[in-house]
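Okay, start.cif now, which holds mmCIF, C-alpha atoms:
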data_entry
loop_
_atom_site.label_atom_id
_atom_site.label_comp_id
_atom_site.auth_asym_id
_atom_site.auth_seq_id
_atom_site.Cartn_x
_atom_site.Cartn_y
_atom_site.Cartn_z
CA MET G 1 -4.27 2.26 -29.06
CA SER G 2 -7.71 3.85 -28.78
CA THR G 3 -8.37 7.00 -30.79
CA THR G 4 -11.23 8.06 -28.54
CA THR G 5 -11.26 9.68 -25.12
CA ILE G 6 -14.10 10.25 -22.69
CA THR G 7 -14.88 13.96 -22.79
CA SER G 8 -17.41 14.12 -19.97
CA THR G 9 -18.15 12.43 -16.65
CA VAL G 10 -21.90 12.91 -17.15
CA ALA G 11 -23.75 9.88 -18.51
CA THR G 12 -25.32 10.53 -21.90
CA LEU G 13 -27.03 7.13 -21.86
CA ALA G 14 -27.71 4.94 -18.82
CA VAL G 15 -29.38 1.57 -19.35
CA SER G 16 -30.17 -0.48 -16.26
CA ASN G 17 -31.15 -4.12 -15.70
CA ILE G 18 -32.67 -4.79 -19.13
CA HIS G 19 -34.51 -8.09 -19.46
CA LYS G 20 -36.21 -9.37 -22.61
CA SER G 21 -37.87 -12.68 -23.41
CA PHE G 22 -39.45 -14.01 -26.57
CA GLY G 23 -41.90 -16.71 -25.53
CA GLY G 24 -39.99 -18.96 -23.18
CA HIS G 25 -36.58 -17.80 -24.41
CA HIS G 26 -34.94 -15.36 -21.98
CA VAL G 27 -32.68 -13.39 -24.35
CA LEU G 28 -31.49 -10.57 -22.06
CA LYS G 29 -30.99 -11.38 -18.39
CA GLY G 30 -30.27 -8.04 -16.74
CA ILE G 31 -27.94 -5.94 -18.92
CA SER G 32 -26.75 -2.57 -17.64
CA MET G 33 -24.53 -0.13 -19.50
CA THR G 34 -23.51 3.52 -19.20
CA ALA G 35 -22.17 5.60 -22.09
CA ARG G 36 -20.67 9.03 -21.49
CA LYS G 37 -20.20 11.68 -24.12
CA GLY G 38 -17.50 10.58 -26.54
CA ASP G 39 -17.58 6.91 -25.56
CA VAL G 40 -17.22 4.39 -28.36
CA ILE G 41 -18.37 1.04 -26.99
CA SER G 42 -17.94 -2.08 -29.10
CA ILE G 43 -20.35 -4.87 -28.17
CA LEU G 44 -19.06 -8.33 -29.08
CA GLY G 45 -20.48 -11.81 -28.73
CA ALA G 46 -21.53 -14.92 -30.59
CA SER G 47 -24.76 -15.05 -32.58
CA GLY G 48 -27.69 -15.40 -30.20
CA SER G 49 -25.97 -13.69 -27.27
CA GLY G 50 -28.52 -10.85 -27.29
CA LYS G 51 -26.44 -8.01 -28.78
CA SER G 52 -28.91 -6.79 -31.39
CA THR G 53 -31.89 -7.27 -29.07
CA PHE G 54 -30.12 -5.09 -26.52
CA LEU G 55 -29.72 -2.23 -29.02
CA ARG G 56 -33.35 -2.60 -30.11
CA CYS G 57 -34.47 -2.35 -26.47
CA ILE G 58 -32.46 0.85 -26.02
CA ASN G 59 -34.32 2.68 -28.77
CA MET G 60 -37.60 0.87 -28.11
CA LEU G 61 -37.85 -1.11 -31.33
CA GLU G 62 -38.32 -3.88 -28.78
CA THR G 63 -39.97 -3.13 -25.45
CA PRO G 64 -37.95 -4.55 -22.54
CA ASP G 65 -39.78 -6.71 -20.01
CA GLN G 66 -37.87 -5.06 -17.19
CA GLY G 67 -35.34 -2.28 -16.72
CA SER G 68 -34.92 1.40 -17.57
CA VAL G 69 -33.43 3.62 -20.26
CA CYS G 70 -32.25 7.13 -19.39
CA LEU G 71 -31.00 9.56 -22.05
CA ASP G 72 -29.38 12.85 -21.05
CA GLY G 73 -31.08 12.72 -17.66
CA GLU G 74 -34.54 11.86 -19.01
CA THR G 75 -35.85 8.41 -18.08
CA LEU G 76 -38.27 6.71 -20.44
CA GLU G 77 -41.58 6.37 -18.58
CA MET G 78 -42.89 2.80 -18.52
CA ARG G 79 -45.93 1.13 -16.98
CA GLN G 80 -46.80 -2.48 -16.29
CA ARG G 81 -49.46 -4.15 -18.39
CA LYS G 82 -51.89 -6.76 -17.09
CA ASP G 83 -49.61 -9.53 -18.35
CA GLY G 84 -46.77 -8.12 -16.24
CA ARG G 85 -44.74 -6.75 -19.15
CA LEU G 86 -43.81 -3.12 -19.64
CA GLU G 87 -45.03 -0.60 -22.18
CA PRO G 88 -44.17 3.08 -22.76
CA VAL G 89 -46.50 5.59 -21.15
CA HIS G 90 -46.07 8.36 -23.72
CA ARG G 91 -45.68 7.64 -27.43
CA LYS G 92 -44.33 11.15 -28.04
CA GLN G 93 -41.59 10.61 -25.47
CA VAL G 94 -40.58 7.40 -27.27
CA GLU G 95 -40.44 9.23 -30.60
CA ARG G 96 -38.44 12.12 -29.14
CA MET G 97 -35.91 9.89 -27.42
CA ARG G 98 -35.66 7.55 -30.41
CA SER G 99 -34.77 10.48 -32.65
CA GLN G 100 -31.78 11.07 -30.36
CA LEU G 101 -30.75 7.40 -30.47
CA ALA G 102 -30.03 7.06 -34.18
CA MET G 103 -29.89 3.44 -35.36
CA VAL G 104 -27.83 2.14 -38.27
CA PHE G 105 -28.94 -1.35 -39.29
CA GLN G 106 -26.97 -4.15 -40.93
CA SER G 107 -29.45 -4.25 -43.83
CA PHE G 108 -29.32 -0.45 -44.44
CA ASN G 109 -33.15 0.00 -44.23
CA LEU G 110 -33.16 2.92 -46.68
CA TRP G 111 -36.48 3.93 -48.22
CA SER G 112 -36.23 2.42 -51.70
CA HIS G 113 -38.77 4.81 -53.27
CA MET G 114 -36.80 7.89 -52.18
CA THR G 115 -33.58 9.33 -53.53
CA VAL G 116 -30.49 9.51 -51.34
CA LEU G 117 -31.20 13.15 -50.54
CA GLN G 118 -34.84 12.46 -49.76
CA ASN G 119 -33.80 9.66 -47.39
CA LEU G 120 -31.73 12.16 -45.42
CA ILE G 121 -34.25 14.98 -45.14
CA GLU G 122 -37.38 12.93 -44.39
CA GLY G 123 -36.71 12.41 -40.66
CA PRO G 124 -35.54 15.94 -39.79
CA MET G 125 -38.51 17.48 -41.64
CA ARG G 126 -41.26 15.16 -40.42
CA VAL G 127 -40.08 14.29 -36.91
CA GLN G 128 -38.14 17.42 -35.93
CA LYS G 129 -40.24 19.84 -38.03
CA ARG G 130 -37.16 21.56 -39.41
CA ALA G 131 -37.28 23.75 -42.52
CA HIS G 132 -36.79 22.11 -45.92
CA ALA G 133 -33.95 24.39 -47.01
CA GLU G 134 -32.07 23.85 -43.76
CA CYS G 135 -32.47 20.07 -44.01
CA VAL G 136 -31.28 19.98 -47.62
CA GLU G 137 -28.22 22.09 -46.83
CA GLU G 138 -27.26 19.88 -43.89
CA ALA G 139 -27.97 16.67 -45.83
CA GLU G 140 -25.76 17.76 -48.72
CA ALA G 141 -22.95 18.57 -46.28
CA LEU G 142 -23.31 15.11 -44.70
CA LEU G 143 -23.26 13.42 -48.11
CA GLN G 144 -20.14 15.39 -48.94
CA ARG G 145 -18.61 14.08 -45.75
CA VAL G 146 -19.32 10.42 -46.51
CA GLY G 147 -18.20 10.83 -50.12
CA LEU G 148 -21.60 10.53 -51.78
CA PHE G 149 -22.62 14.08 -52.68
CA GLU G 150 -22.55 13.18 -56.37
CA ARG G 151 -25.04 10.37 -55.69
CA ARG G 152 -27.62 12.55 -53.93
CA ASP G 153 -30.24 12.07 -56.68
CA TYR G 154 -29.70 8.31 -57.00
CA TYR G 155 -32.09 5.70 -55.64
CA PRO G 156 -30.73 3.09 -53.18
CA ALA G 157 -31.03 0.27 -55.74
CA HIS G 158 -28.40 2.02 -57.86
CA LEU G 159 -25.82 2.09 -55.06
CA SER G 160 -23.39 -0.55 -53.84
CA GLY G 161 -23.88 -2.02 -50.38
CA GLY G 162 -21.06 0.10 -48.99
CA GLN G 163 -22.56 3.23 -50.48
CA GLN G 164 -25.99 2.38 -49.07
CA GLN G 165 -24.53 1.92 -45.62
CA ARG G 166 -22.72 5.26 -45.83
CA VAL G 167 -26.03 6.87 -46.80
CA ALA G 168 -27.63 5.16 -43.79
CA ILE G 169 -24.95 6.64 -41.51
CA ALA G 170 -25.48 10.10 -43.04
CA ARG G 171 -29.23 9.71 -42.56
CA ALA G 172 -28.68 8.88 -38.88
CA LEU G 173 -26.42 11.93 -38.48
CA ALA G 174 -29.06 14.15 -40.09
CA MET G 175 -31.19 13.67 -36.96
CA ARG G 176 -28.44 15.29 -34.86
CA PRO G 177 -28.49 12.38 -32.40
CA GLN G 178 -26.85 12.28 -28.99
CA VAL G 179 -26.00 8.59 -29.36
CA MET G 180 -25.52 6.45 -32.46
CA LEU G 181 -26.39 2.76 -32.34
CA PHE G 182 -24.78 0.50 -34.96
CA ASP G 183 -26.15 -3.02 -35.37
CA GLU G 184 -23.43 -4.99 -37.19
CA PRO G 185 -23.11 -2.27 -39.85
CA THR G 186 -20.62 -4.21 -42.00
CA SER G 187 -21.98 -7.76 -41.75
CA ALA G 188 -24.09 -7.54 -44.92
CA LEU G 189 -21.24 -6.11 -47.02
CA ASP G 190 -18.83 -7.80 -49.37
CA PRO G 191 -15.34 -7.83 -47.79
CA GLU G 192 -13.95 -5.23 -50.20
CA LEU G 193 -16.65 -2.73 -49.14
CA VAL G 194 -16.19 -3.05 -45.38
CA GLY G 195 -13.26 -0.62 -45.23
CA GLU G 196 -15.15 2.35 -46.65
CA VAL G 197 -17.81 2.07 -43.95
CA LEU G 198 -15.30 1.55 -41.12
CA LYS G 199 -13.42 4.64 -42.32
CA VAL G 200 -16.54 6.77 -41.84
CA MET G 201 -17.19 5.23 -38.42
CA ARG G 202 -13.61 5.86 -37.36
CA SER G 203 -13.96 9.53 -38.35
CA LEU G 204 -17.11 9.79 -36.21
CA ALA G 205 -15.23 8.34 -33.26
CA GLU G 206 -12.36 10.78 -33.75
CA GLU G 207 -14.72 13.76 -33.61
CA GLY G 208 -16.13 12.57 -30.28
CA ARG G 209 -19.44 10.97 -31.27
CA THR G 210 -21.04 8.72 -28.67
CA MET G 211 -21.44 5.31 -30.29
CA LEU G 212 -22.58 1.80 -29.31
CA VAL G 213 -21.42 -0.62 -31.98
CA VAL G 214 -22.44 -4.27 -32.25
CA THR G 215 -19.68 -5.64 -34.43
CA HIS G 216 -17.51 -8.57 -35.43
CA GLU G 217 -14.74 -6.23 -36.62
CA MET G 218 -12.04 -6.95 -34.06
CA GLY G 219 -9.72 -4.26 -35.42
CA PHE G 220 -12.36 -1.60 -34.84
CA ALA G 221 -13.03 -2.90 -31.33
CA ARG G 222 -9.31 -2.92 -30.47
CA ASN G 223 -8.22 0.32 -32.07
CA VAL G 224 -11.18 2.68 -32.17
CA SER G 225 -13.28 1.81 -29.10
CA ASN G 226 -12.43 3.06 -25.66
CA ARG G 227 -14.57 0.29 -24.13
CA VAL G 228 -15.37 -3.26 -25.16
CA VAL G 229 -18.29 -5.33 -23.86
CA PHE G 230 -18.45 -9.08 -24.47
CA MET G 231 -21.91 -10.63 -24.09
CA HIS G 232 -22.59 -14.31 -23.54
CA GLN G 233 -26.07 -15.85 -23.31
CA GLY G 234 -27.80 -12.60 -22.42
CA LEU G 235 -25.32 -11.39 -19.83
CA VAL G 236 -22.19 -9.23 -19.83
CA ASP G 237 -19.31 -11.66 -19.47
CA VAL G 238 -16.46 -9.13 -19.53
CA GLU G 239 -16.22 -5.35 -19.96
CA GLY G 240 -13.35 -2.89 -19.96
CA ALA G 241 -10.72 -1.05 -21.95
CA PRO G 242 -9.69 -2.84 -25.18
CA ALA G 243 -6.20 -3.55 -23.88
CA ASP G 244 -7.66 -5.27 -20.82
CA VAL G 245 -10.42 -7.20 -22.59
CA PHE G 246 -8.13 -8.41 -25.37
CA GLY G 247 -5.28 -9.02 -22.91
CA ALA G 248 -4.06 -12.25 -21.42
CA HIS G 249 -6.18 -11.94 -18.29
CA SER G 250 -9.56 -11.78 -20.03
CA SER G 251 -12.26 -14.39 -19.48
CA GLU G 252 -11.91 -17.92 -20.84
CA ARG G 253 -15.15 -17.53 -22.81
CA PHE G 254 -13.83 -14.40 -24.52
CA ARG G 255 -10.56 -16.10 -25.41
CA GLN G 256 -12.51 -18.96 -26.97
CA PHE G 257 -14.68 -16.46 -28.88
CA ILE G 258 -11.62 -14.64 -30.26
CA SER G 259 -9.93 -17.92 -31.15
CA GLY G 260 -12.99 -19.11 -33.07
CA HIS G 261 -13.32 -15.75 -34.82
CA GLN G 262 -9.68 -15.83 -35.94
CA GLU G 263 -10.06 -19.39 -37.25
CA ARG G 264 -13.07 -18.36 -39.37
CA ALA G 265 -11.23 -15.30 -40.67
CA THR G 266 -8.30 -17.40 -41.89
CA ALA G 267 -10.34 -20.32 -43.25
#

Would it be possible to restate this file's structure as structure tokens?
Amino acid sequence: MSTTTITSTVATLAVSNIHKSFGGHHVLKGISMTARKGDVISILGASGSGKSTFLRCINMLETPDQGSVCLDGETLEMRQRKDGRLEPVHRKQVERMRSQLAMVFQSFNLWSHMTVLQNLIEGPMRVQKRAHAECVEEAEALLQRVGLFERRDYYPAHLSGGQQQRVAIARALAMRPQVMLFDEPTSALDPELVGEVLKVMRSLAEEGRTMLVVTHEMGFARNVSNRVVFMHQGLVDVEGAPADVFGAHSSERFRQFISGHQERATA
């Protein structure tokens, strides 16, 4: 049973008709998705289905070739280049919207030359121009929340993978984002460390955070999400409530995907 409920009918994030190609490879073929406040959307699919590229297009780490991204009623302004592709009109708008679309990567992406605390306060101070004392106070509270307050003066190299990922989640939260984007946040972790990260993510869902989560953790998708999206070859193959998507009447492709995933898990 899902632990998350939709708390608003107003779309926090609306992504429409996203296309993206790399050379001659058409990775995304017209993906649309709407997330309302409090939605936890798990995005599933085989490797190469376009899941991570989709997230990267949402926060403009990749520029879509076509489509639109609207956050809290503000649409990212795009213009067409001479080669027909799109580019953002205003760099400052990209930076502002990106700060509200916090990304947690599978490889942590912490700044190795900074302590845990410095990793958390860098973005709020430099991007949001918030006061140092305020940022430190909030960062320490976030580290307390993810169970790493005592490690605030450590460098990332001295932390386990699970600890680094929890720091990465705290760093994302420090930006006070409207939407959190998770790109396979547990895939780089040893199996015994996965649970500590999922526990933090579950707590975020329970407090009503809006989250898009690319994941292979079927338990999270079933029990924490209120919506599941299954992508296949750059398109949405099936979308709905977990009970419906995982139910007997789901698509044949999704049933094959789940069957293959279960076989790998038990191998």

* **Best match for closeness to Ser225 of chain G among G:Val15, G:Val27, G:Ile41, G:Ala141, counting all atoms listed in the file** => G:Ile41

* Select, from G:Lys129, G:His113, G:Arg79, G:Lys20, the residue with the minimum atom-to-atom distance to Tyr154 of chain G, counting all atoms listed in the file. => G:His113

* Any chance you could resolve the PyMOL selection byres ((chain G and resi 226-240) around 10) against this file and give the residues as a ChimeraX atom specification? => /G:1-6,18-20,26-33,35,38-51,53-54,205,212-214,221-225,241-246,250-254,257

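Minimum atom-to-atom distances from G:Ser259, G:Ser16, G:Gln178, G:Gln128 to Leu101 of chain G were compared using all atoms listed in the file, and the lowest value belongs to G:Gln178.
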
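Between atom CA of Ala14 of chain G and atom CA of Leu198 of chain G the separation is 25.7 Å.
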